[in-house]
file query00.csv (CSV, C-alpha atoms and all ligand atoms)
chain,number,residue,atom,x,y,z
A,1,MET,CA,0.0,0.0,0.0
A,2,GLU,CA,1.3,3.4,-0.9
A,3,ASN,CA,2.2,5.8,2.0
A,4,LEU,CA,1.8,9.4,0.8
A,5,LEU,CA,4.0,10.6,3.6
A,6,ASN,CA,7.0,9.0,1.9
A,7,GLY,CA,6.6,11.6,-0.9
A,8,ILE,CA,7.1,14.6,1.4
A,9,GLU,CA,10.3,16.5,0.6
A,10,GLU,CA,11.8,19.4,2.5
A,11,ILE,CA,10.5,22.7,1.1
A,12,THR,CA,12.1,26.0,2.0
A,13,LEU,CA,8.9,27.8,3.2
A,14,MET,CA,9.3,31.5,2.1
A,15,GLY,CA,5.7,32.4,1.9
A,16,PRO,CA,3.3,34.1,4.4
A,17,GLY,CA,3.4,31.1,6.7
A,18,PRO,CA,3.9,28.3,7.6
A,19,SER,CA,7.6,28.9,8.0
A,20,CYS,CA,10.5,26.4,8.1
A,21,VAL,CA,10.4,24.4,11.4
A,22,ASN,CA,13.7,23.7,13.3
A,23,LYS,CA,14.4,20.0,13.6
A,24,ALA,CA,14.5,20.3,17.4
A,25,VAL,CA,10.8,21.4,17.2
A,26,LEU,CA,9.9,18.5,14.9
A,27,ASP,CA,11.8,16.1,17.3
A,28,ALA,CA,9.9,17.6,20.2
A,29,MET,CA,6.6,16.6,18.5
A,30,ALA,CA,7.8,13.0,18.1
A,31,LYS,CA,8.2,12.5,21.9
A,32,SER,CA,5.9,10.1,23.6
A,33,THR,CA,2.4,11.4,24.1
A,34,LEU,CA,1.6,12.0,27.8
A,35,GLY,CA,-1.9,12.1,29.4
A,36,HIS,CA,-3.3,15.6,29.5
A,37,LEU,CA,-3.4,15.5,33.3
A,38,ASP,CA,0.0,13.9,33.8
A,39,PRO,CA,1.9,16.0,36.3
A,40,LYS,CA,4.9,16.1,33.9
A,41,PHE,CA,2.7,17.5,31.2
A,42,ILE,CA,1.2,20.1,33.7
A,43,ASN,CA,4.7,21.2,34.4
A,44,ILE,CA,5.3,21.8,30.7
A,45,MET,CA,2.0,23.8,30.5
A,46,ASP,CA,3.1,26.0,33.4
A,47,ALA,CA,6.5,26.5,31.7
A,48,ILE,CA,4.8,27.6,28.5
A,49,LYS,CA,2.8,30.2,30.3
A,50,GLU,CA,6.0,31.6,31.8
A,51,GLN,CA,7.9,31.5,28.4
A,52,MET,CA,5.0,33.3,26.8
A,53,LYS,CA,4.9,36.0,29.5
A,54,THR,CA,8.6,36.6,29.0
A,55,LEU,CA,8.3,36.9,25.2
A,56,LEU,CA,5.1,39.1,25.4
A,57,HIS,CA,6.6,41.3,28.1
A,58,THR,CA,3.5,41.0,30.3
A,59,ASN,CA,2.4,40.1,33.8
A,60,ASN,CA,-1.0,39.0,32.5
A,61,LYS,CA,-2.1,35.9,34.5
A,62,LEU,CA,-4.3,34.8,31.7
A,63,THR,CA,-1.6,34.1,29.1
A,64,ILE,CA,-2.1,30.7,27.5
A,65,PRO,CA,-2.0,28.9,24.1
A,66,VAL,CA,-5.5,28.1,22.7
A,67,SER,CA,-6.1,25.0,20.7
A,68,GLY,CA,-6.4,25.9,17.0
A,69,THR,CA,-4.7,28.2,14.5
A,70,GLY,CA,-4.4,32.0,14.6
A,71,SER,CA,-8.0,32.4,13.6
A,72,ALA,CA,-9.0,30.4,16.7
A,73,GLY,CA,-7.1,33.1,18.7
A,74,MET,CA,-9.0,35.8,16.9
A,75,GLU,CA,-12.3,34.1,17.6
A,76,THR,CA,-11.4,33.5,21.3
A,77,CYS,CA,-10.7,37.2,21.8
A,78,PHE,CA,-13.9,38.5,20.2
A,79,VAL,CA,-16.2,35.7,21.4
A,80,ASN,CA,-15.3,36.1,25.0
A,81,LEU,CA,-15.7,39.9,25.0
A,82,ILE,CA,-18.5,40.8,22.7
A,83,GLU,CA,-22.2,40.8,23.6
A,84,LYS,CA,-24.9,42.0,21.2
A,85,ASP,CA,-24.6,45.6,20.1
A,86,ASP,CA,-21.3,46.2,21.9
A,87,PRO,CA,-19.5,49.1,20.0
A,88,VAL,CA,-16.3,47.9,18.4
A,89,LEU,CA,-13.9,49.9,16.2
A,90,ILE,CA,-11.8,47.9,13.7
A,91,LEU,CA,-8.9,49.5,11.8
A,92,ILE,CA,-8.5,47.8,8.4
A,93,ASN,CA,-5.7,47.8,5.9
A,94,GLY,CA,-5.7,44.3,4.6
A,95,VAL,CA,-7.3,40.8,4.7
A,96,PHE,CA,-6.9,40.2,8.4
A,97,GLY,CA,-8.5,43.4,9.5
A,98,MET,CA,-11.4,42.4,7.3
A,99,ARG,CA,-11.5,39.0,9.0
A,100,MET,CA,-11.8,40.7,12.4
A,101,GLN,CA,-14.7,42.8,11.0
A,102,ASP,CA,-16.5,39.6,9.9
A,103,VAL,CA,-15.9,37.8,13.2
A,104,ALA,CA,-17.1,40.7,15.3
A,105,THR,CA,-20.2,41.3,13.0
A,106,ARG,CA,-21.2,37.7,13.3
A,107,LEU,CA,-21.3,38.1,17.1
A,108,GLY,CA,-23.8,40.9,16.8
A,109,ALA,CA,-21.4,43.7,17.7
A,110,ASP,CA,-22.0,47.3,16.5
A,111,VAL,CA,-18.9,47.4,14.3
A,112,ASP,CA,-17.4,50.7,13.0
A,113,THR,CA,-14.3,50.6,10.8
A,114,ILE,CA,-11.7,52.9,9.5
A,115,GLU,CA,-10.2,51.7,6.2
A,116,PHE,CA,-6.8,52.6,4.9
A,117,GLU,CA,-5.3,51.8,1.5
A,118,TRP,CA,-3.7,48.4,1.3
A,119,GLY,CA,0.1,48.7,1.4
A,120,THR,CA,-0.1,51.7,3.7
A,121,PRO,CA,-0.4,51.8,7.5
A,122,VAL,CA,-3.2,52.9,9.8
A,123,VAL,CA,-3.1,56.7,10.3
A,124,VAL,CA,-3.1,57.5,14.0
A,125,ASP,CA,-4.8,60.9,13.7
A,126,GLU,CA,-7.8,59.3,12.1
A,127,VAL,CA,-8.1,56.9,15.0
A,128,LYS,CA,-7.8,59.8,17.4
A,129,ALA,CA,-10.6,61.7,15.7
A,130,LYS,CA,-12.9,58.6,15.7
A,131,LEU,CA,-12.2,57.9,19.4
A,132,SER,CA,-13.2,61.5,20.3
A,133,GLU,CA,-16.6,60.9,18.5
A,134,LYS,CA,-17.8,57.7,20.1
A,135,LYS,CA,-17.1,55.4,23.0
A,136,TYR,CA,-16.0,51.9,22.1
A,137,LYS,CA,-15.8,48.6,24.1
A,138,ILE,CA,-13.0,47.3,21.9
A,139,VAL,CA,-10.5,49.0,19.5
A,140,ALA,CA,-8.8,46.3,17.3
A,141,VAL,CA,-5.9,46.4,14.9
A,142,VAL,CA,-3.5,43.9,13.1
A,143,HIS,CA,0.1,44.6,14.1
A,144,ALA,CA,1.7,42.9,11.0
A,145,GLU,CA,-0.7,42.8,8.1
A,146,THR,CA,0.4,39.6,6.3
A,147,SER,CA,-1.6,40.4,3.2
A,148,THR,CA,0.4,43.5,2.4
A,149,GLY,CA,3.7,43.5,4.5
A,150,VAL,CA,2.8,46.6,6.4
A,151,LYS,CA,3.6,47.3,10.1
A,152,ASN,CA,0.9,49.2,11.9
A,153,PRO,CA,1.7,51.8,14.6
A,154,VAL,CA,0.5,49.6,17.5
A,155,PRO,CA,2.3,51.5,20.4
A,156,GLU,CA,1.0,54.9,19.2
A,157,ILE,CA,-2.6,53.6,18.9
A,158,GLY,CA,-2.2,52.0,22.4
A,159,ALA,CA,-1.3,55.4,23.8
A,160,LEU,CA,-4.6,56.8,22.5
A,161,VAL,CA,-6.8,53.9,23.6
A,162,LYS,CA,-5.2,54.2,27.1
A,163,ASP,CA,-7.1,57.5,27.6
A,164,THR,CA,-10.5,55.8,26.9
A,165,ASP,CA,-12.4,52.9,28.6
A,166,ALA,CA,-11.9,50.7,25.6
A,167,LEU,CA,-10.0,47.4,25.5
A,168,TYR,CA,-7.1,47.4,23.0
A,169,LEU,CA,-7.1,44.2,21.0
A,170,VAL,CA,-4.0,43.4,18.8
A,171,ASP,CA,-3.5,40.6,16.2
A,172,ALA,CA,0.2,39.6,16.5
A,173,VAL,CA,-0.1,36.4,14.4
A,174,THR,CA,2.8,37.4,12.1
A,175,SER,CA,4.6,39.9,14.3
A,176,LEU,CA,5.3,37.8,17.4
A,177,GLY,CA,8.9,36.6,17.4
A,178,GLY,CA,9.9,38.7,14.4
A,179,ILE,CA,9.6,42.3,15.7
A,180,PRO,CA,9.3,43.7,19.2
A,181,ILE,CA,5.9,43.5,20.9
A,182,ARG,CA,5.4,44.6,24.6
A,183,LEU,CA,1.9,44.1,25.9
A,184,ASP,CA,2.1,45.9,29.2
A,185,ASP,CA,4.1,48.9,27.9
A,186,TRP,CA,1.9,49.3,24.9
A,187,ASN,CA,-1.4,49.1,26.8
A,188,ILE,CA,-2.5,46.0,24.9
A,189,ASP,CA,-5.4,44.3,26.8
A,190,VAL,CA,-6.3,41.5,24.4
A,191,PHE,CA,-3.7,39.7,22.3
A,192,TYR,CA,-3.6,36.7,20.0
A,193,SER,CA,-1.0,35.1,17.8
A,194,GLY,CA,-0.3,31.9,15.9
A,195,THR,CA,2.5,29.3,16.0
A,196,GLN,CA,3.4,28.9,12.3
A,197,LYS,CA,4.9,32.3,11.5
A,198,CYS,CA,7.9,33.7,13.4
A,199,LEU,CA,7.6,31.1,16.2
A,200,SER,CA,8.5,28.5,13.6
A,201,CYS,CA,6.3,25.8,14.9
A,202,PRO,CA,3.8,23.9,12.8
A,203,PRO,CA,0.3,25.5,12.7
A,204,GLY,CA,-2.1,24.4,15.4
A,205,LEU,CA,-1.9,26.7,18.5
A,206,ALA,CA,-2.8,30.3,19.2
A,207,PRO,CA,-1.0,32.1,22.0
A,208,ILE,CA,-3.4,34.5,23.7
A,209,SER,CA,-3.1,37.0,26.6
A,210,PHE,CA,-5.8,39.0,28.4
A,211,SER,CA,-5.1,41.9,30.9
A,212,GLU,CA,-6.9,42.2,34.2
A,213,LYS,CA,-9.2,44.8,32.6
A,214,ALA,CA,-10.1,42.3,29.9
A,215,VAL,CA,-10.7,39.5,32.4
A,216,GLU,CA,-13.0,41.9,34.3
A,217,ALA,CA,-14.9,42.6,31.1
A,218,ILE,CA,-15.5,38.8,30.7
A,219,LYS,CA,-16.7,38.6,34.3
A,220,LYS,CA,-19.2,41.4,33.7
A,221,ARG,CA,-20.9,39.7,30.8
A,222,LYS,CA,-24.7,39.4,31.1
A,223,THR,CA,-24.8,36.4,28.8
A,224,LYS,CA,-22.8,33.2,28.5
A,225,VAL,CA,-19.9,33.1,26.1
A,226,PRO,CA,-21.7,31.9,23.0
A,227,ASN,CA,-19.0,29.3,22.0
A,228,TRP,CA,-18.4,26.3,24.3
A,229,TYR,CA,-14.9,25.3,22.9
A,230,LEU,CA,-13.3,28.8,23.2
A,231,ASP,CA,-15.0,29.9,26.5
A,232,LEU,CA,-12.1,31.1,28.6
A,233,THR,CA,-14.1,31.0,31.8
A,234,MET,CA,-14.0,27.2,31.5
A,235,ILE,CA,-10.6,26.7,29.7
A,236,ILE,CA,-8.9,28.6,32.5
A,237,ASN,CA,-9.8,25.8,35.0
A,238,TYR,CA,-7.5,23.5,33.0
A,239,TRP,CA,-4.6,26.0,32.7
A,240,GLU,CA,-4.6,27.4,36.2
A,241,GLY,CA,-4.9,26.4,39.9
A,242,ALA,CA,-3.8,23.5,42.1
A,243,THR,CA,-6.3,21.0,40.7
A,244,ARG,CA,-6.8,21.0,36.9
A,245,ALA,CA,-10.2,20.3,35.5
A,246,TYR,CA,-10.6,18.6,32.1
A,247,HIS,CA,-12.2,20.9,29.4
A,248,HIS,CA,-11.1,19.4,26.1
A,249,THR,CA,-8.1,17.1,25.5
A,250,ALA,CA,-5.1,19.3,25.0
A,251,PRO,CA,-3.1,18.9,21.8
A,252,ILE,CA,-0.2,17.4,23.8
A,253,ASN,CA,2.5,17.0,21.1
A,254,MET,CA,1.7,20.4,19.6
A,255,LEU,CA,2.3,21.9,23.1
A,256,TYR,CA,5.7,20.1,23.2
A,257,ALA,CA,6.5,21.8,19.9
A,258,LEU,CA,5.5,25.2,21.2
A,259,TYR,CA,7.5,24.7,24.4
A,260,GLN,CA,10.6,23.8,22.2
A,261,ALA,CA,10.1,26.7,19.8
A,262,LEU,CA,9.8,29.3,22.6
A,263,TYR,CA,12.8,27.6,24.3
A,264,LEU,CA,14.9,28.2,21.1
A,265,ILE,CA,13.8,31.9,20.8
A,266,LEU,CA,14.6,32.6,24.4
A,267,GLU,CA,17.9,30.7,24.2
A,268,GLU,CA,19.0,32.7,21.1
A,269,GLY,CA,17.8,35.9,22.8
A,270,GLU,CA,14.8,38.0,21.7
A,271,GLU,CA,16.9,40.9,20.5
A,272,ASN,CA,19.2,38.6,18.5
A,273,VAL,CA,16.2,37.0,16.9
A,274,HIS,CA,14.8,40.4,15.9
A,275,LYS,CA,18.1,41.4,14.5
A,276,ARG,CA,18.4,38.2,12.5
A,277,HIS,CA,15.0,39.0,10.9
A,278,MET,CA,16.0,42.6,10.1
A,279,ASN,CA,19.4,41.7,8.7
A,280,ASN,CA,18.0,39.0,6.4
A,281,HIS,CA,15.2,41.4,5.3
A,282,LEU,CA,17.8,44.0,4.3
A,283,ARG,CA,19.9,41.4,2.5
A,284,LEU,CA,16.8,40.3,0.5
A,285,VAL,CA,15.7,43.9,-0.3
A,286,ASN,CA,19.2,44.7,-1.5
A,287,GLY,CA,19.4,41.5,-3.6
A,288,LEU,CA,15.9,42.1,-5.1
A,289,ASP,CA,16.9,45.7,-6.1
A,290,LYS,CA,19.9,44.3,-8.0
A,291,ILE,CA,17.6,42.1,-10.1
A,292,GLY,CA,15.1,44.9,-10.7
A,293,ILE,CA,12.4,43.7,-8.3
A,294,LYS,CA,10.7,46.6,-6.3
A,295,MET,CA,9.0,46.6,-2.9
A,296,LEU,CA,5.3,47.5,-2.5
A,297,VAL,CA,5.6,49.2,0.9
A,298,ASP,CA,7.6,52.3,1.8
A,299,SER,CA,10.7,51.4,3.8
A,300,GLN,CA,9.6,52.9,7.1
A,301,TYR,CA,6.5,50.8,7.3
A,302,ARG,CA,8.0,47.5,6.0
A,303,LEU,CA,7.8,44.3,8.0
A,304,PRO,CA,11.1,42.3,8.0
A,305,MET,CA,9.3,39.0,8.0
A,306,LEU,CA,6.8,39.6,5.2
A,307,ASN,CA,8.2,41.2,2.0
A,308,SER,CA,5.6,42.2,-0.6
A,309,VAL,CA,7.3,42.8,-4.0
A,310,TYR,CA,5.8,43.9,-7.3
A,311,ILE,CA,5.8,41.0,-9.9
A,312,PRO,CA,8.2,42.2,-12.6
A,313,GLN,CA,6.7,43.2,-16.0
A,314,GLY,CA,6.5,40.2,-18.3
A,315,ALA,CA,6.9,37.6,-15.5
A,316,ASP,CA,4.2,34.9,-15.2
A,317,ASP,CA,2.9,35.1,-11.6
A,318,ALA,CA,1.7,31.5,-11.2
A,319,GLY,CA,4.4,30.1,-13.6
A,320,VAL,CA,7.3,31.6,-11.5
A,321,ARG,CA,5.8,30.4,-8.2
A,322,SER,CA,5.3,26.9,-9.5
A,323,ALA,CA,8.8,26.7,-11.0
A,324,LEU,CA,10.2,27.9,-7.7
A,325,LEU,CA,8.4,25.1,-5.9
A,326,LYS,CA,8.9,22.3,-8.5
A,327,ASP,CA,12.5,23.0,-9.5
A,328,HIS,CA,14.0,24.9,-6.5
A,329,LYS,CA,11.9,23.5,-3.6
A,330,ILE,CA,11.1,27.0,-2.5
A,331,GLU,CA,7.6,28.3,-1.7
A,332,ILE,CA,6.6,32.0,-1.9
A,333,GLY,CA,3.1,33.5,-1.6
A,334,ALA,CA,0.7,35.1,-4.1
A,335,GLY,CA,-1.0,38.4,-3.6
A,336,LEU,CA,-4.5,38.5,-2.1
A,337,GLY,CA,-7.6,40.6,-2.8
A,338,PRO,CA,-6.8,43.8,-4.8
A,339,LEU,CA,-3.1,42.8,-4.8
A,340,ALA,CA,-3.7,39.4,-6.5
A,341,GLY,CA,-1.6,39.1,-9.7
A,342,LYS,CA,0.3,42.3,-8.7
A,343,ILE,CA,2.6,41.1,-5.9
A,344,TRP,CA,4.4,38.2,-4.5
A,345,ARG,CA,4.8,37.8,-0.7
A,346,ILE,CA,8.2,36.6,0.4
A,347,GLY,CA,8.3,35.4,4.0
A,348,LEU,CA,11.4,35.5,6.2
A,349,MET,CA,9.8,34.2,9.3
A,350,GLY,CA,11.5,32.5,12.2
A,351,HIS,CA,13.8,29.6,11.2
A,352,THR,CA,13.3,30.7,7.5
A,353,ALA,CA,15.1,34.0,8.2
A,354,ARG,CA,18.6,32.8,7.4
A,355,SER,CA,21.1,34.2,4.8
A,356,GLU,CA,21.4,30.9,2.9
A,357,ASN,CA,17.6,30.9,2.2
A,358,VAL,CA,17.7,34.6,1.0
A,359,ASP,CA,20.6,33.8,-1.3
A,360,LYS,CA,19.0,30.6,-2.6
A,361,LEU,CA,15.8,32.5,-3.4
A,362,LEU,CA,17.6,35.4,-5.1
A,363,THR,CA,19.6,32.9,-7.3
A,364,ALA,CA,16.4,31.0,-8.2
A,365,LEU,CA,14.4,34.2,-9.0
A,366,LYS,CA,17.2,35.6,-11.2
A,367,SER,CA,17.0,32.5,-13.3
A,368,LEU,CA,13.2,32.6,-13.7
A,369,ILE,CA,12.4,36.3,-14.5
B,401,LIG,C1,-2.3,38.7,10.6
B,401,LIG,C2,-3.0,37.3,10.6
B,401,LIG,N1,-4.0,37.2,11.4
B,401,LIG,C3,-4.7,36.0,11.4
B,401,LIG,C4,-4.3,34.9,10.6
B,401,LIG,C5,-5.1,33.7,10.7
B,401,LIG,O1,-4.3,32.7,11.2
B,401,LIG,P1,-4.5,31.1,10.8
B,401,LIG,O2,-4.4,31.0,9.3
B,401,LIG,O3,-3.4,30.5,11.5
B,401,LIG,O4,-5.9,30.7,11.3
B,401,LIG,C6,-3.2,35.1,9.8
B,401,LIG,C7,-2.8,34.0,8.9
B,401,LIG,O5,-2.1,34.1,8.0
B,401,LIG,C8,-2.5,36.3,9.8
B,401,LIG,O6,-1.5,36.5,9.0
call {"tool": "encode", "arguments": {"input": "query00.csv", "output": "structure tokens"}}
result
Amino acid sequence: MENLLNGIEEITLMGPGPSCVNKAVLDAMAKSTLGHLDPKFINIMDAIKEQMKTLLHTNNKLTIPVSGTGSAGMETCFVNLIEKDDPVLILINGVFGMRMQDVATRLGADVDTIEFEWGTPVVVDEVKAKLSEKKYKIVAVVHAETSTGVKNPVPEIGALVKDTDALYLVDAVTSLGGIPIRLDDWNIDVFYSGTQKCLSCPPGLAPISFSEKAVEAIKKRKTKVPNWYLDLTMIINYWEGATRAYHHTAPINMLYALYQALYLILEEGEENVHKRHMNNHLRLVNGLDKIGIKMLVDSQYRLPMLNSVYIPQGADDAGVRSALLKDHKIEIGAGLGPLAGKIWRIGLMGHTARSENVDKLLTALKSLI
């Protein structure tokens, strides 16, 4: 009988995620599965919470990984906080801001948005004006907009939200582990991320963190959280306290992987990891310039881990991407929405952000355009 897994080759993942996974993380997943209430496993869970607090620069007690991908993190944040007609402001400059709008609208929130051109950042003064017009329960923004490669001014927006009663909700799916993020200093109340980008873990977990103010808002709900699986009031009894209560069976081996991935980042040193992302981004931009490929985003708003580049004139979008995959074992991403057919998205996330990968891609691209 044919086993399809035998056909899997190593691909250099240079798209918008998943990213390359360090062998130590894959090995961690292959360790024996423990029971979800085994004291040894509980110790690993506790260690993950501490690793996350260190990396997020927060004292938030409610800092845990949720089962599911980044979108489960997004759902967890909104579903635990929103009740019908709650006023929510969402800042949109790409696909993932739009996804937030969809999630919050489905929950019956009274959603206002401010939209910005794709490829440009959120304009802080426009947010300031909106906040002076209306009171919001939540103000939400994507830190690293993966659909465009733009970094949004998260600390500056946080400074504005701090002067209101609103909770500040930040998507850090692509930013965490690639650029600095400091929850407590930046006034972030509600945070979610994903494992398959700069944490360089396979997809499957969503780190989240809620401030005391956000936890109070959950406690003040008049109605039950309308989603059983993501209800933090129940999940927390498995992640905290002397006796742990079963909620759902934890994805044990994925949690080993997250532990190992966070271990590697903290061992290399957060600053060194950020520098490695930046240095490889600059090496890529320089190399692309030499072969005539231009960047979509202005240099001051660029993300090091997600590089959106204009497809050069005459190059066949899908043809080049499939030749990269087939002949060079490199994956890059296509453009989304209004940028489909106009850009490629080149990821330098986590373990992918290494000079040999940048050079390999530049050589391959040069031969194909
Ligand atoms: C910024 C951002 N938010 C949310 C998501 C959704 O995450 P997932 O695909 O892991 O569910 C992604 C995925 O690419 C993302 O880039």
call {"tool": "atom_distance", "arguments": {"input": "query00.csv", "atom1": "atom CA of A:Leu284", "atom2": "atom CA of A:Val170"}}
result
27.9 Å
call {"tool": "residues_around", "arguments": {"input": "query00.csv", "residues": "A:Ile252", "least_positions_apart": "5", "cutoff": "8 Å", "atoms": "all atoms listed in the file", "output": "number ranges by chain"}}
result
A: 33-36, 41
call {"tool": "residues_near_point", "arguments": {"input": "query00.csv", "point": "(-1.3, 42.6, -7.5)", "cutoff": "12 Å", "atoms": "only C-alpha atoms", "output": "PDB file with C-alpha atoms, keeping the file's coordinate frame"}}
result
ATOM      1  CA  TRP A 118      -3.700  48.400   1.300  1.00  0.00           C
ATOM      2  CA  GLY A 119       0.100  48.700   1.400  1.00  0.00           C
ATOM      3  CA  SER A 147      -1.600  40.400   3.200  1.00  0.00           C
ATOM      4  CA  THR A 148       0.400  43.500   2.400  1.00  0.00           C
ATOM      5  CA  MET A 295       9.000  46.600  -2.900  1.00  0.00           C
ATOM      6  CA  LEU A 296       5.300  47.500  -2.500  1.00  0.00           C
ATOM      7  CA  SER A 308       5.600  42.200  -0.600  1.00  0.00           C
ATOM      8  CA  VAL A 309       7.300  42.800  -4.000  1.00  0.00           C
ATOM      9  CA  TYR A 310       5.800  43.900  -7.300  1.00  0.00           C
ATOM     10  CA  ILE A 311       5.800  41.000  -9.900  1.00  0.00           C
ATOM     11  CA  PRO A 312       8.200  42.200 -12.600  1.00  0.00           C
ATOM     12  CA  GLN A 313       6.700  43.200 -16.000  1.00  0.00           C
ATOM     13  CA  ASP A 317       2.900  35.100 -11.600  1.00  0.00           C
ATOM     14  CA  GLY A 333       3.100  33.500  -1.600  1.00  0.00           C
ATOM     15  CA  ALA A 334       0.700  35.100  -4.100  1.00  0.00           C
ATOM     16  CA  GLY A 335      -1.000  38.400  -3.600  1.00  0.00           C
ATOM     17  CA  LEU A 336      -4.500  38.500  -2.100  1.00  0.00           C
ATOM     18  CA  GLY A 337      -7.600  40.600  -2.800  1.00  0.00           C
ATOM     19  CA  PRO A 338      -6.800  43.800  -4.800  1.00  0.00           C
ATOM     20  CA  LEU A 339      -3.100  42.800  -4.800  1.00  0.00           C
ATOM     21  CA  ALA A 340      -3.700  39.400  -6.500  1.00  0.00           C
ATOM     22  CA  GLY A 341      -1.600  39.100  -9.700  1.00  0.00           C
ATOM     23  CA  LYS A 342       0.300  42.300  -8.700  1.00  0.00           C
ATOM     24  CA  ILE A 343       2.600  41.100  -5.900  1.00  0.00           C
ATOM     25  CA  TRP A 344       4.400  38.200  -4.500  1.00  0.00           C
ATOM     26  CA  ARG A 345       4.800  37.800  -0.700  1.00  0.00           C
TER      27      ARG A 345
END
call {"tool": "residues_around", "arguments": {"input": "query00.csv", "residues": "A:Lys128", "least_positions_apart": "4", "cutoff": "7 Å", "atoms": "all atoms listed in the file", "output": "number ranges by chain"}}
result
A: 124, 132, 160
call {"tool": "write_last_selection", "arguments": {"input": "query00.csv", "atoms": "C-alpha atoms", "output": "mmCIF file, in the frame of the given file"}}
result
data_model
loop_
_atom_site.group_PDB
_atom_site.id
_atom_site.type_symbol
_atom_site.label_atom_id
_atom_site.label_comp_id
_atom_site.auth_asym_id
_atom_site.auth_seq_id
_atom_site.Cartn_x
_atom_site.Cartn_y
_atom_site.Cartn_z
ATOM 1 C CA VAL A 124 -3.100 57.500 14.000
ATOM 2 C CA SER A 132 -13.200 61.500 20.300
ATOM 3 C CA LEU A 160 -4.600 56.800 22.500
#
call {"tool": "closest_residue", "arguments": {"input": "query00.csv", "among": "A:Ala30, A:Ala172, A:Ile236, A:Ile293", "to": "ligand LIG 401 (chain B)", "atoms": "all atoms listed in the file"}}
result
A:Ala172
call {"tool": "atom_distance", "arguments": {"input": "query00.csv", "atom1": "atom CA of A:Ser67", "atom2": "atom CA of A:Ile265"}}
result
21.1 Å
call {"tool": "closest_residue", "arguments": {"input": "query00.csv", "among": "A:Val21, A:Ala144, A:Leu26, A:Leu89", "to": "ligand LIG 401 (chain B)", "atoms": "only C-alpha atoms and all ligand atoms"}}
result
A:Ala144
call {"tool": "residues_near_ligand", "arguments": {"input": "query00.csv", "ligand": "ligand LIG 401 (chain B)", "cutoff": "6 Å", "atoms": "all atoms listed in the file", "output": "MDAnalysis selection string"}}
result
chainID A and resid 69:71 96 142 144:146 171 173:174 194
call {"tool": "closest_residue", "arguments": {"input": "query00.csv", "among": "A:Val141, A:Ala242, A:Ile8, A:Leu81", "to": "A:Ile114", "atoms": "all atoms listed in the file"}}
result
A:Val141
call {"tool": "closest_residue", "arguments": {"input": "query00.csv", "among": "A:Val88, A:Val127, A:Val154, A:Val95", "to": "A:Leu167", "atoms": "all atoms listed in the file"}}
result
A:Val88
call {"tool": "residues_near_point", "arguments": {"input": "query00.csv", "point": "(-2.1, 41.7, 32.6)", "cutoff": "12 Å", "atoms": "all atoms listed in the file", "output": "PyMOL selection string"}}
result
chain A and resi 53+56-63+182-191+208-216
call {"tool": "write_last_selection", "arguments": {"input": "query00.csv", "atoms": "C-alpha atoms", "output": "compact mmCIF listing (two decimals), keeping the file's coordinate frame"}}
result
# COMPACT_ATOMS: atom_id res chain seq x y z
CA LYS A 53 4.90 36.00 29.50
CA LEU A 56 5.10 39.10 25.40
CA HIS A 57 6.60 41.30 28.10
CA THR A 58 3.50 41.00 30.30
CA ASN A 59 2.40 40.10 33.80
CA ASN A 60 -1.00 39.00 32.50
CA LYS A 61 -2.10 35.90 34.50
CA LEU A 62 -4.30 34.80 31.70
CA THR A 63 -1.60 34.10 29.10
CA ARG A 182 5.40 44.60 24.60
CA LEU A 183 1.90 44.10 25.90
CA ASP A 184 2.10 45.90 29.20
CA ASP A 185 4.10 48.90 27.90
CA TRP A 186 1.90 49.30 24.90
CA ASN A 187 -1.40 49.10 26.80
CA ILE A 188 -2.50 46.00 24.90
CA ASP A 189 -5.40 44.30 26.80
CA VAL A 190 -6.30 41.50 24.40
CA PHE A 191 -3.70 39.70 22.30
CA ILE A 208 -3.40 34.50 23.70
CA SER A 209 -3.10 37.00 26.60
CA PHE A 210 -5.80 39.00 28.40
CA SER A 211 -5.10 41.90 30.90
CA GLU A 212 -6.90 42.20 34.20
CA LYS A 213 -9.20 44.80 32.60
CA ALA A 214 -10.10 42.30 29.90
CA VAL A 215 -10.70 39.50 32.40
CA GLU A 216 -13.00 41.90 34.30
call {"tool": "residues_around", "arguments": {"input": "query00.csv", "residues": "stretch 15-20 of chain A", "least_positions_apart": "2", "cutoff": "8 Å", "atoms": "all atoms listed in the file", "output": "PyMOL selection string"}}
result
chain A and resi 11-13+22+146+196-198+200-203+306+331-333+345-352
call {"tool": "closest_residue", "arguments": {"input": "query00.csv", "among": "A:Val358, A:Leu262, A:Cys77, A:Val139", "to": "A:His281", "atoms": "all atoms listed in the file"}}
result
A:Val358
call {"tool": "residues_around", "arguments": {"input": "query00.csv", "residues": "A:Tyr263", "least_positions_apart": "4", "cutoff": "10 Å", "atoms": "all atoms listed in the file", "output": "PyMOL selection string"}}
result
chain A and resi 25+47-48+51-52+257-259+267-269
call {"tool": "residues_around", "arguments": {"input": "query00.csv", "residues": "A:Lys151", "least_positions_apart": "5", "cutoff": "8 Å", "atoms": "all atoms listed in the file", "output": "list in words"}}
result
Pro121, His143, Ala144, Glu145, Tyr301, Arg302 and Leu303 of chain A
call {"tool": "atom_distance", "arguments": {"input": "query00.csv", "atom1": "atom CA of A:Ile90", "atom2": "atom CA of A:Thr113"}}
result
4.7 Å
call {"tool": "closest_residue", "arguments": {"input": "query00.csv", "among": "A:Leu91, A:Ala129, A:Val225, A:Leu37", "to": "A:Asp112", "atoms": "only C-alpha atoms"}}
result
A:Leu91
